[in-house]
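model-v2.cif, holding mmCIF, C-alpha atoms and all ligand atoms:
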data_target
#
loop_
_atom_site.label_atom_id
_atom_site.label_comp_id
_atom_site.auth_asym_id
_atom_site.auth_seq_id
_atom_site.Cartn_x
_atom_site.Cartn_y
_atom_site.Cartn_z
CA MET A 1 -31.18 30.50 -57.01
CA VAL A 2 -32.18 29.42 -53.51
CA GLY A 3 -35.02 26.88 -53.51
CA VAL A 4 -37.62 27.66 -50.83
CA ALA A 5 -40.52 25.73 -49.36
CA VAL A 6 -43.29 27.40 -47.38
CA VAL A 7 -44.92 25.23 -44.71
CA GLY A 8 -48.39 26.35 -43.60
CA ALA A 9 -50.99 27.77 -45.99
CA GLY A 10 -53.46 29.24 -43.48
CA TYR A 11 -53.99 32.92 -42.76
CA TRP A 12 -50.35 34.08 -42.86
CA GLY A 13 -48.69 31.48 -45.12
CA PRO A 14 -50.03 32.99 -48.39
CA ASN A 15 -48.24 36.25 -47.53
CA LEU A 16 -44.97 34.33 -47.30
CA VAL A 17 -45.74 32.58 -50.59
CA ARG A 18 -46.33 35.91 -52.34
CA ASN A 19 -43.18 37.51 -50.95
CA VAL A 20 -40.90 34.52 -51.55
CA GLN A 21 -42.05 34.60 -55.17
CA ALA A 22 -41.21 38.30 -55.40
CA THR A 23 -37.73 37.95 -53.90
CA SER A 24 -34.56 37.29 -55.84
CA PRO A 25 -32.69 34.88 -55.54
CA PHE A 26 -35.54 32.84 -54.06
CA GLN A 27 -37.46 30.32 -56.07
CA LEU A 28 -40.57 28.89 -54.44
CA VAL A 29 -40.52 25.13 -54.99
CA TRP A 30 -43.09 23.72 -52.55
CA LEU A 31 -46.07 24.78 -50.49
CA CYS A 32 -46.78 22.23 -47.76
CA ASP A 33 -49.84 22.02 -45.52
CA VAL A 34 -51.39 19.08 -43.70
CA ASP A 35 -54.54 20.30 -45.42
CA LEU A 36 -53.51 19.64 -49.03
CA ASP A 37 -56.60 21.29 -50.51
CA ARG A 38 -55.75 24.50 -48.72
CA ALA A 39 -52.22 24.49 -50.16
CA ARG A 40 -53.61 23.82 -53.64
CA ALA A 41 -56.16 26.60 -53.29
CA VAL A 42 -53.47 29.11 -52.30
CA LEU A 43 -51.33 28.24 -55.31
CA GLY A 44 -54.22 28.27 -57.78
CA ARG A 45 -54.65 26.08 -60.84
CA TYR A 46 -51.83 27.38 -63.01
CA SER A 47 -48.91 27.47 -60.58
CA THR A 48 -45.82 25.41 -61.25
CA VAL A 49 -45.08 25.33 -57.49
CA ARG A 50 -45.76 21.87 -56.07
CA ALA A 51 -48.27 21.33 -53.25
CA THR A 52 -47.93 18.55 -50.70
CA ASP A 53 -49.11 17.47 -47.27
CA SER A 54 -45.82 15.68 -46.58
CA LEU A 55 -43.06 17.64 -44.86
CA ALA A 56 -40.73 14.66 -45.39
CA GLU A 57 -41.18 14.95 -49.17
CA VAL A 58 -40.22 18.62 -49.01
CA LEU A 59 -37.18 18.02 -46.81
CA GLU A 60 -35.91 15.17 -49.00
CA ASP A 61 -35.84 17.48 -52.02
CA PRO A 62 -32.23 18.67 -52.61
CA GLU A 63 -33.63 21.64 -54.54
CA VAL A 64 -34.97 23.02 -51.24
CA GLN A 65 -32.33 24.98 -49.37
CA ALA A 66 -34.59 27.07 -47.16
CA VAL A 67 -37.92 26.58 -45.39
CA ALA A 68 -40.34 29.27 -44.21
CA VAL A 69 -42.59 28.04 -41.39
CA ALA A 70 -46.09 29.53 -40.99
CA THR A 71 -47.78 26.80 -38.95
CA PRO A 72 -49.27 27.36 -35.46
CA ALA A 73 -46.78 28.10 -32.68
CA ALA A 74 -47.20 24.69 -31.04
CA THR A 75 -45.82 22.99 -34.19
CA HIS A 76 -42.81 25.30 -34.77
CA LEU A 77 -40.37 23.07 -32.88
CA GLU A 78 -41.32 19.93 -34.78
CA VAL A 79 -41.36 21.54 -38.24
CA ALA A 80 -38.37 23.88 -37.85
CA LEU A 81 -36.21 21.23 -36.14
CA ALA A 82 -36.92 18.72 -38.90
CA ALA A 83 -35.94 21.35 -41.48
CA LEU A 84 -32.70 22.22 -39.67
CA ASP A 85 -31.88 18.53 -39.23
CA ALA A 86 -32.33 18.16 -42.98
CA GLY A 87 -29.75 20.93 -43.51
CA LYS A 88 -32.21 23.68 -44.53
CA HIS A 89 -32.07 27.35 -43.53
CA VAL A 90 -35.21 28.34 -41.63
CA LEU A 91 -37.42 31.40 -41.38
CA VAL A 92 -39.96 30.86 -38.62
CA GLU A 93 -43.05 32.85 -37.74
CA LYS A 94 -43.36 34.48 -34.36
CA PRO A 95 -43.24 33.21 -31.67
CA LEU A 96 -40.11 31.11 -32.30
CA ALA A 97 -41.58 28.16 -30.37
CA ALA A 98 -44.09 27.30 -27.67
CA SER A 99 -41.49 27.50 -24.88
CA TYR A 100 -38.04 28.89 -24.14
CA ALA A 101 -36.60 25.35 -23.93
CA ASP A 102 -37.95 24.52 -27.40
CA GLY A 103 -36.66 27.80 -28.81
CA LEU A 104 -33.21 27.15 -27.34
CA LYS A 105 -33.17 23.75 -29.07
CA LEU A 106 -33.79 25.46 -32.41
CA VAL A 107 -31.17 28.16 -31.85
CA THR A 108 -28.47 25.71 -30.79
CA THR A 109 -29.26 23.28 -33.61
CA ALA A 110 -29.00 26.07 -36.20
CA GLN A 111 -25.74 27.22 -34.66
CA GLU A 112 -24.22 23.73 -34.57
CA ARG A 113 -25.14 23.15 -38.19
CA GLY A 114 -24.06 26.58 -39.43
CA LEU A 115 -27.56 27.32 -40.75
CA THR A 116 -29.56 30.56 -40.77
CA LEU A 117 -32.41 30.67 -38.27
CA MET A 118 -34.43 33.84 -38.67
CA LEU A 119 -37.61 35.11 -37.04
CA ASP A 120 -40.37 36.78 -38.99
CA HIS A 121 -40.61 39.66 -36.54
CA THR A 122 -42.39 41.53 -39.32
CA PHE A 123 -42.74 44.90 -37.59
CA CYS A 124 -38.96 45.19 -37.16
CA TYR A 125 -38.77 45.53 -40.95
CA THR A 126 -41.29 48.37 -41.26
CA PRO A 127 -39.92 51.81 -42.14
CA VAL A 128 -41.40 53.18 -38.88
CA VAL A 129 -39.62 50.70 -36.61
CA ARG A 130 -36.39 51.15 -38.56
CA ARG A 131 -36.69 54.91 -37.95
CA LEU A 132 -37.58 54.42 -34.27
CA ARG A 133 -34.52 52.21 -33.93
CA GLN A 134 -32.36 54.89 -35.52
CA LEU A 135 -33.87 57.64 -33.32
CA ALA A 136 -33.32 55.59 -30.15
CA HIS A 137 -29.86 54.28 -31.10
CA ASP A 138 -28.52 57.65 -32.27
CA GLY A 139 -29.68 59.32 -29.06
CA GLU A 140 -32.03 61.71 -30.86
CA LEU A 141 -34.78 60.94 -28.35
CA GLY A 142 -32.39 61.51 -25.44
CA GLU A 143 -32.60 59.11 -22.52
CA LEU A 144 -35.39 56.56 -22.98
CA GLN A 145 -38.10 57.31 -20.38
CA TYR A 146 -41.04 55.08 -21.29
CA ILE A 147 -42.67 53.03 -24.04
CA ASP A 148 -46.43 52.72 -24.23
CA SER A 149 -48.06 50.41 -26.76
CA VAL A 150 -51.70 49.58 -27.49
CA ARG A 151 -52.52 46.65 -29.78
CA ILE A 152 -56.21 45.92 -29.54
CA ASN A 153 -59.02 44.82 -31.87
CA LEU A 154 -61.55 42.04 -32.37
CA GLY A 155 -58.77 39.48 -32.77
CA LEU A 156 -58.74 35.89 -33.99
CA VAL A 157 -58.97 33.93 -30.74
CA GLN A 158 -56.15 31.40 -31.14
CA PRO A 159 -56.75 27.72 -30.32
CA ASP A 160 -53.36 27.10 -28.71
CA ILE A 161 -52.09 30.38 -27.22
CA ASP A 162 -53.40 33.32 -25.20
CA VAL A 163 -53.46 36.95 -26.29
CA LEU A 164 -50.04 37.63 -24.76
CA TRP A 165 -48.37 34.90 -26.81
CA ASP A 166 -50.32 35.93 -29.91
CA LEU A 167 -49.90 39.71 -29.93
CA ALA A 168 -47.19 40.68 -27.43
CA PRO A 169 -44.39 39.09 -29.56
CA HIS A 170 -44.89 42.12 -31.81
CA ASP A 171 -44.33 44.57 -28.95
CA LEU A 172 -41.47 42.58 -27.44
CA SER A 173 -39.69 42.19 -30.78
CA ILE A 174 -40.09 45.90 -31.53
CA LEU A 175 -38.69 46.64 -28.07
CA ASP A 176 -35.82 44.23 -28.71
CA SER A 177 -35.10 46.03 -31.96
CA ILE A 178 -35.22 49.64 -30.77
CA LEU A 179 -33.72 49.55 -27.28
CA PRO A 180 -30.44 51.49 -27.32
CA ALA A 181 -27.17 49.79 -26.34
CA GLY A 182 -26.94 49.21 -22.61
CA VAL A 183 -30.70 49.27 -21.97
CA THR A 184 -32.15 45.79 -21.47
CA PRO A 185 -35.29 44.23 -19.98
CA VAL A 186 -34.74 43.21 -16.35
CA ALA A 187 -38.20 42.09 -15.22
CA VAL A 188 -41.62 41.36 -16.67
CA ALA A 189 -45.08 41.55 -15.11
CA ALA A 190 -48.45 40.75 -16.64
CA HIS A 191 -52.08 41.11 -15.64
CA GLY A 192 -54.88 39.60 -17.65
CA SER A 193 -58.39 38.27 -17.77
CA ASP A 194 -60.75 36.09 -19.77
CA PRO A 195 -64.04 37.97 -19.48
CA ALA A 196 -65.57 36.16 -22.48
CA ASN A 197 -64.83 32.72 -20.98
CA VAL A 198 -62.97 31.41 -24.01
CA GLY A 199 -60.59 29.47 -21.80
CA ARG A 200 -57.52 31.66 -22.12
CA THR A 201 -56.45 35.21 -21.39
CA CYS A 202 -58.04 37.59 -23.94
CA VAL A 203 -57.16 40.94 -22.39
CA ALA A 204 -53.69 41.59 -20.96
CA TYR A 205 -51.41 44.33 -19.71
CA LEU A 206 -47.68 43.67 -19.94
CA SER A 207 -45.02 45.72 -18.17
CA VAL A 208 -41.32 45.36 -18.89
CA ARG A 209 -38.95 47.00 -16.45
CA LEU A 210 -35.79 48.23 -18.17
CA SER A 211 -32.24 48.41 -16.84
CA ASN A 212 -32.20 52.24 -16.95
CA GLY A 213 -35.27 52.43 -14.68
CA ALA A 214 -37.71 53.10 -17.52
CA ILE A 215 -40.78 50.97 -18.13
CA ALA A 216 -42.28 49.62 -21.34
CA HIS A 217 -45.96 48.74 -21.32
CA ALA A 218 -48.11 46.89 -23.85
CA HIS A 219 -51.88 46.50 -23.79
CA VAL A 220 -53.06 43.57 -25.90
CA ASN A 221 -56.72 42.64 -26.36
CA TRP A 222 -58.73 40.32 -28.63
CA LEU A 223 -62.12 41.71 -27.58
CA SER A 224 -62.03 45.36 -28.57
CA PRO A 225 -64.56 46.36 -31.25
CA THR A 226 -62.24 49.15 -32.38
CA LYS A 227 -58.75 48.58 -33.68
CA ILE A 228 -55.96 50.62 -32.12
CA ARG A 229 -52.27 50.24 -32.95
CA THR A 230 -50.26 52.98 -31.29
CA MET A 231 -46.84 53.14 -29.68
CA ILE A 232 -45.27 56.07 -27.87
CA VAL A 233 -41.53 56.06 -27.30
CA GLY A 234 -40.83 58.76 -24.76
CA GLY A 235 -37.37 60.26 -24.42
CA SER A 236 -35.86 63.10 -22.39
CA GLN A 237 -35.27 65.13 -25.59
CA ARG A 238 -38.02 64.00 -27.96
CA THR A 239 -40.97 61.67 -28.04
CA ALA A 240 -41.99 59.54 -31.01
CA VAL A 241 -45.66 58.74 -31.51
CA TRP A 242 -46.55 55.97 -33.96
CA ASN A 243 -50.05 55.31 -35.21
CA ASP A 244 -49.84 52.25 -37.41
CA LEU A 245 -53.36 52.82 -38.71
CA ASP A 246 -52.52 56.24 -40.17
CA PRO A 247 -51.11 55.55 -43.64
CA THR A 248 -50.38 59.21 -44.44
CA GLN A 249 -48.49 60.15 -41.28
CA PRO A 250 -47.74 57.08 -39.16
CA LEU A 251 -44.88 58.64 -37.18
CA ALA A 252 -44.61 62.00 -35.44
CA VAL A 253 -41.58 63.14 -33.44
CA TYR A 254 -42.36 65.77 -30.85
CA ASP A 255 -39.84 68.16 -29.37
CA ARG A 256 -42.13 68.44 -26.39
CA GLY A 257 -41.84 67.24 -22.85
CA VAL A 258 -41.19 68.03 -19.24
CA ASP A 259 -37.96 69.71 -18.13
CA TRP A 260 -36.77 69.60 -14.58
CA PRO A 261 -34.10 72.29 -14.16
CA ASP A 262 -31.00 70.89 -12.47
CA GLY A 263 -29.76 72.76 -9.44
CA ALA A 264 -32.11 75.71 -9.97
CA GLU A 265 -33.34 77.28 -6.78
CA ASP A 266 -36.93 77.26 -7.89
CA ARG A 267 -37.22 73.56 -8.85
CA ARG A 268 -40.50 73.77 -10.70
CA VAL A 269 -41.30 71.61 -13.70
CA SER A 270 -41.34 73.47 -16.99
CA TYR A 271 -43.00 72.30 -20.16
CA ARG A 272 -41.13 72.38 -23.44
CA ILE A 273 -43.47 73.01 -26.36
CA GLY A 274 -41.36 72.66 -29.52
CA ASP A 275 -42.00 71.48 -33.03
CA MET A 276 -43.50 68.25 -34.24
CA VAL A 277 -41.82 66.63 -37.21
CA ALA A 278 -43.44 63.93 -39.33
CA PRO A 279 -40.52 62.09 -40.96
CA ALA A 280 -40.84 61.12 -44.62
CA LEU A 281 -40.66 57.34 -44.69
CA PRO A 282 -40.17 55.00 -47.62
CA GLY A 283 -43.09 52.79 -48.61
CA GLY A 284 -43.00 49.08 -49.27
CA GLU A 285 -44.24 45.91 -47.68
CA ALA A 286 -42.40 44.83 -44.54
CA LEU A 287 -42.55 41.16 -45.53
CA ARG A 288 -40.64 41.96 -48.71
CA ALA A 289 -37.85 43.34 -46.49
CA VAL A 290 -38.10 40.22 -44.29
CA MET A 291 -37.51 38.02 -47.35
CA ALA A 292 -34.66 40.21 -48.60
CA GLU A 293 -33.00 39.90 -45.18
CA PHE A 294 -33.51 36.10 -45.14
CA ALA A 295 -31.97 35.83 -48.61
CA GLY A 296 -29.09 38.15 -47.63
CA ALA A 297 -28.33 36.21 -44.46
CA ILE A 298 -28.20 32.92 -46.40
CA THR A 299 -26.15 34.11 -49.36
CA GLU A 300 -23.80 36.35 -47.35
CA ARG A 301 -23.50 33.83 -44.49
CA ARG A 302 -24.26 36.46 -41.87
CA ALA A 303 -26.68 36.72 -38.97
CA PRO A 304 -30.03 38.25 -39.90
CA LEU A 305 -31.35 41.32 -38.10
CA THR A 306 -33.93 39.19 -36.28
CA ASP A 307 -31.91 36.05 -35.58
CA GLY A 308 -32.81 33.10 -33.39
CA TRP A 309 -31.49 34.88 -30.31
CA SER A 310 -33.97 37.72 -30.79
CA GLY A 311 -36.71 35.08 -30.92
CA LEU A 312 -35.35 33.54 -27.76
CA ARG A 313 -35.33 36.87 -25.90
CA VAL A 314 -38.98 37.34 -26.86
CA LEU A 315 -39.78 33.80 -25.63
CA ALA A 316 -38.00 34.41 -22.32
CA GLN A 317 -40.12 37.49 -21.75
CA LEU A 318 -43.33 35.72 -22.79
CA GLU A 319 -42.59 32.92 -20.34
CA ALA A 320 -41.88 35.48 -17.62
CA ALA A 321 -45.22 37.12 -18.50
CA SER A 322 -47.05 33.78 -18.17
CA ALA A 323 -45.30 33.11 -14.86
CA SER A 324 -46.32 36.57 -13.67
CA LEU A 325 -49.95 35.99 -14.71
CA ALA A 326 -49.95 32.75 -12.75
CA ALA A 327 -48.40 34.49 -9.74
CA GLY A 328 -50.96 37.30 -9.62
CA GLY A 329 -48.99 39.90 -11.54
CA THR A 330 -45.72 40.08 -9.66
CA PHE A 331 -42.53 41.10 -11.55
CA ILE A 332 -40.50 38.09 -12.77
CA PRO A 333 -36.81 38.81 -13.35
CA VAL A 334 -35.10 38.31 -16.71
CA THR A 335 -31.42 38.80 -17.49
CA ASN A 336 -30.58 40.90 -20.56
CA GLY A 337 -34.02 39.93 -21.82
CA MET A 338 -33.23 36.22 -21.35
CA ALA A 339 -34.48 33.77 -18.73
CA ALA A 340 -32.91 34.72 -15.38
N1 LIG B 1 -45.76 37.97 -38.60
C1 LIG B 1 -47.02 38.29 -38.41
O1 LIG B 1 -47.43 39.45 -38.39
C2 LIG B 1 -48.01 37.18 -38.26
C3 LIG B 1 -49.39 37.39 -38.48
C4 LIG B 1 -50.27 36.31 -38.33
C5 LIG B 1 -49.79 35.06 -37.94
N2 LIG B 1 -48.45 34.91 -37.72
C6 LIG B 1 -47.91 33.62 -37.28
O2 LIG B 1 -48.02 32.70 -38.36
C7 LIG B 1 -48.20 31.38 -37.83
C8 LIG B 1 -49.45 30.78 -38.46
O3 LIG B 1 -50.57 31.56 -38.08
P1 LIG B 1 -51.91 31.54 -38.96
O4 LIG B 1 -52.76 32.60 -38.37
O5 LIG B 1 -51.57 31.56 -40.40
O6 LIG B 1 -52.49 30.10 -38.55
P2 LIG B 1 -53.57 29.26 -39.38
O7 LIG B 1 -54.15 28.30 -38.39
O8 LIG B 1 -54.48 30.15 -40.16
O9 LIG B 1 -52.71 28.44 -40.44
C9 LIG B 1 -51.80 27.46 -40.07
C10 LIG B 1 -51.73 26.43 -41.21
O10 LIG B 1 -50.72 25.48 -40.87
C11 LIG B 1 -51.20 24.18 -41.22
N3 LIG B 1 -50.47 23.22 -40.40
C12 LIG B 1 -50.61 22.95 -39.07
N4 LIG B 1 -49.68 22.07 -38.66
C13 LIG B 1 -48.93 21.77 -39.75
C14 LIG B 1 -47.82 20.91 -39.95
N5 LIG B 1 -47.29 20.20 -38.94
N6 LIG B 1 -47.30 20.83 -41.19
C15 LIG B 1 -47.83 21.54 -42.22
N7 LIG B 1 -48.90 22.37 -42.07
C16 LIG B 1 -49.42 22.49 -40.85
C17 LIG B 1 -52.69 24.22 -40.95
O11 LIG B 1 -53.38 23.23 -41.70
C18 LIG B 1 -53.03 25.65 -41.41
O12 LIG B 1 -53.38 25.69 -42.77
C19 LIG B 1 -48.28 31.54 -36.31
O13 LIG B 1 -47.02 31.30 -35.75
C20 LIG B 1 -48.66 33.00 -36.12
O14 LIG B 1 -48.21 33.53 -34.90
C21 LIG B 1 -47.58 35.92 -37.88
#

Starting from the file, lay out its structure as structure tokens.
Amino acid sequence: MVGVAVVGAGYWGPNLVRNVQATSPFQLVWLCDVDLDRARAVLGRYSTVRATDSLAEVLEDPEVQAVAVATPAATHLEVALAALDAGKHVLVEKPLAASYADGLKLVTTAQERGLTLMLDHTFCYTPVVRRLRQLAHDGELGELQYIDSVRINLGLVQPDIDVLWDLAPHDLSILDSILPAGVTPVAVAAHGSDPANVGRTCVAYLSVRLSNGAIAHAHVNWLSPTKIRTMIVGGSQRTAVWNDLDPTQPLAVYDRGVDWPDGAEDRRVSYRIGDMVAPALPGGEALRAVMAEFAGAITERRAPLTDGWSGLRVLAQLEAASASLAAGGTFIPVTNGMAA
């Protein structure tokens, strides 16, 4: 058994609680929140899991070997670092920390202490993203030409971060997961606005230039009355179209595109209109797979699929996006997805 404490019982924390409890060999021992009543309410009256508002109490407990952190981004460094310093493995919500420097501190501390540091990049554990990764890595899409993502709805305006830091970690972590070997982000640009005057960017457009010349684009928005969650991964052979709001057929792979005949005398574009295939995908909750990976990484002493470095690459690109916003939208270089 691996004793686990969840820290943070707000919107997302209860999902971690539920999935820790459903995952062998985890045993949920504590739920900690500075708002003790909230932690108690999440556990309910008949739970044997202990509730506390003291992180120190949790970290002093030798029964606790791992900590899952679902507090706001600004507190990730403080909470996750204390857990690592106490010798606990850590699963941290996205984004890893509030800055690249803070994230680096967490990654190096985990490495020095030989502890697992894993990111809850939830989407990377969905059957769709796993299939997209396979399609891109196995070359079935051909050469990657573009990625186009839309992630908009009436979102929860966050008190401490803008819409890029709230929603774009999903797009950047998916990108990090599916990019084929040898294709890396080289520069990031962002444009945004705050038309509702909430004091931070609510609508943003993020462009990531890739090393093969392709571009990945994400549109994130807290103000849209309709919810849209689509991603198109365009390749020279096939194009995958993902609609996350379509439960019956979320992914479609099109053998359609534009061909440009090499060396032909008449160099006119031709359109390839082939089949569309909707892959059969397994069901299951992504967070269950997140927990299984966290448990596997701890017990098998291996790096998890979304390790601290993946969180750091996302942070580097978020910081580049913020720098671009401040500089009027110019491209800010990154190196292999990391700070240049
Ligand atoms: N993976 C996903 O898809 C996903 C979805 C939503 C949120 N998140 C992430 O989860 C984290 C939490 O987001 P949320 O929407 O649940 O926030 P929230 O504000 O609803 O909840 C945060 C909770 O943490 C508690 N808290 C704050 N500081 C604390 C501390 N130092 N120690 C203990 N408890 C503390 C608060 O009292 C609150 O109950 C964020 O990092 C967010 O980005 C991830």

So, counting all atoms listed in the file, which residue among A:Val150, A:Ala286, A:Ile232, A:Asp275 is closest to ligand LIG 1 (chain B)?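 Answer, going by the shortest atom-to-atom distance: A:Ala286.
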
Hey, which residues sit close to ligand LIG 1 (chain B)? Say within 8 Å, counting all atoms listed in the file, and write them as a PyMOL selection string. chain A and resi 7-13+32-35+38-39+53-55+69-73+75-76+78-79+92-96+120-123+166+170

Using all atoms listed in the file, which of A:Asp61, A:Val334, A:Val157, A:Gln317 sits nearest Asn197 (chain A)?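 When distances to Asn197 (chain A) are compared using all atoms listed in the file, the smallest one comes from A:Val157.
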
Would you please work out which residue, of A:Thr201, A:Thr248, A:Thr230, A:Asn243, is nearest to Ala321 (chain A) when using only C-alpha atoms? A:Thr201
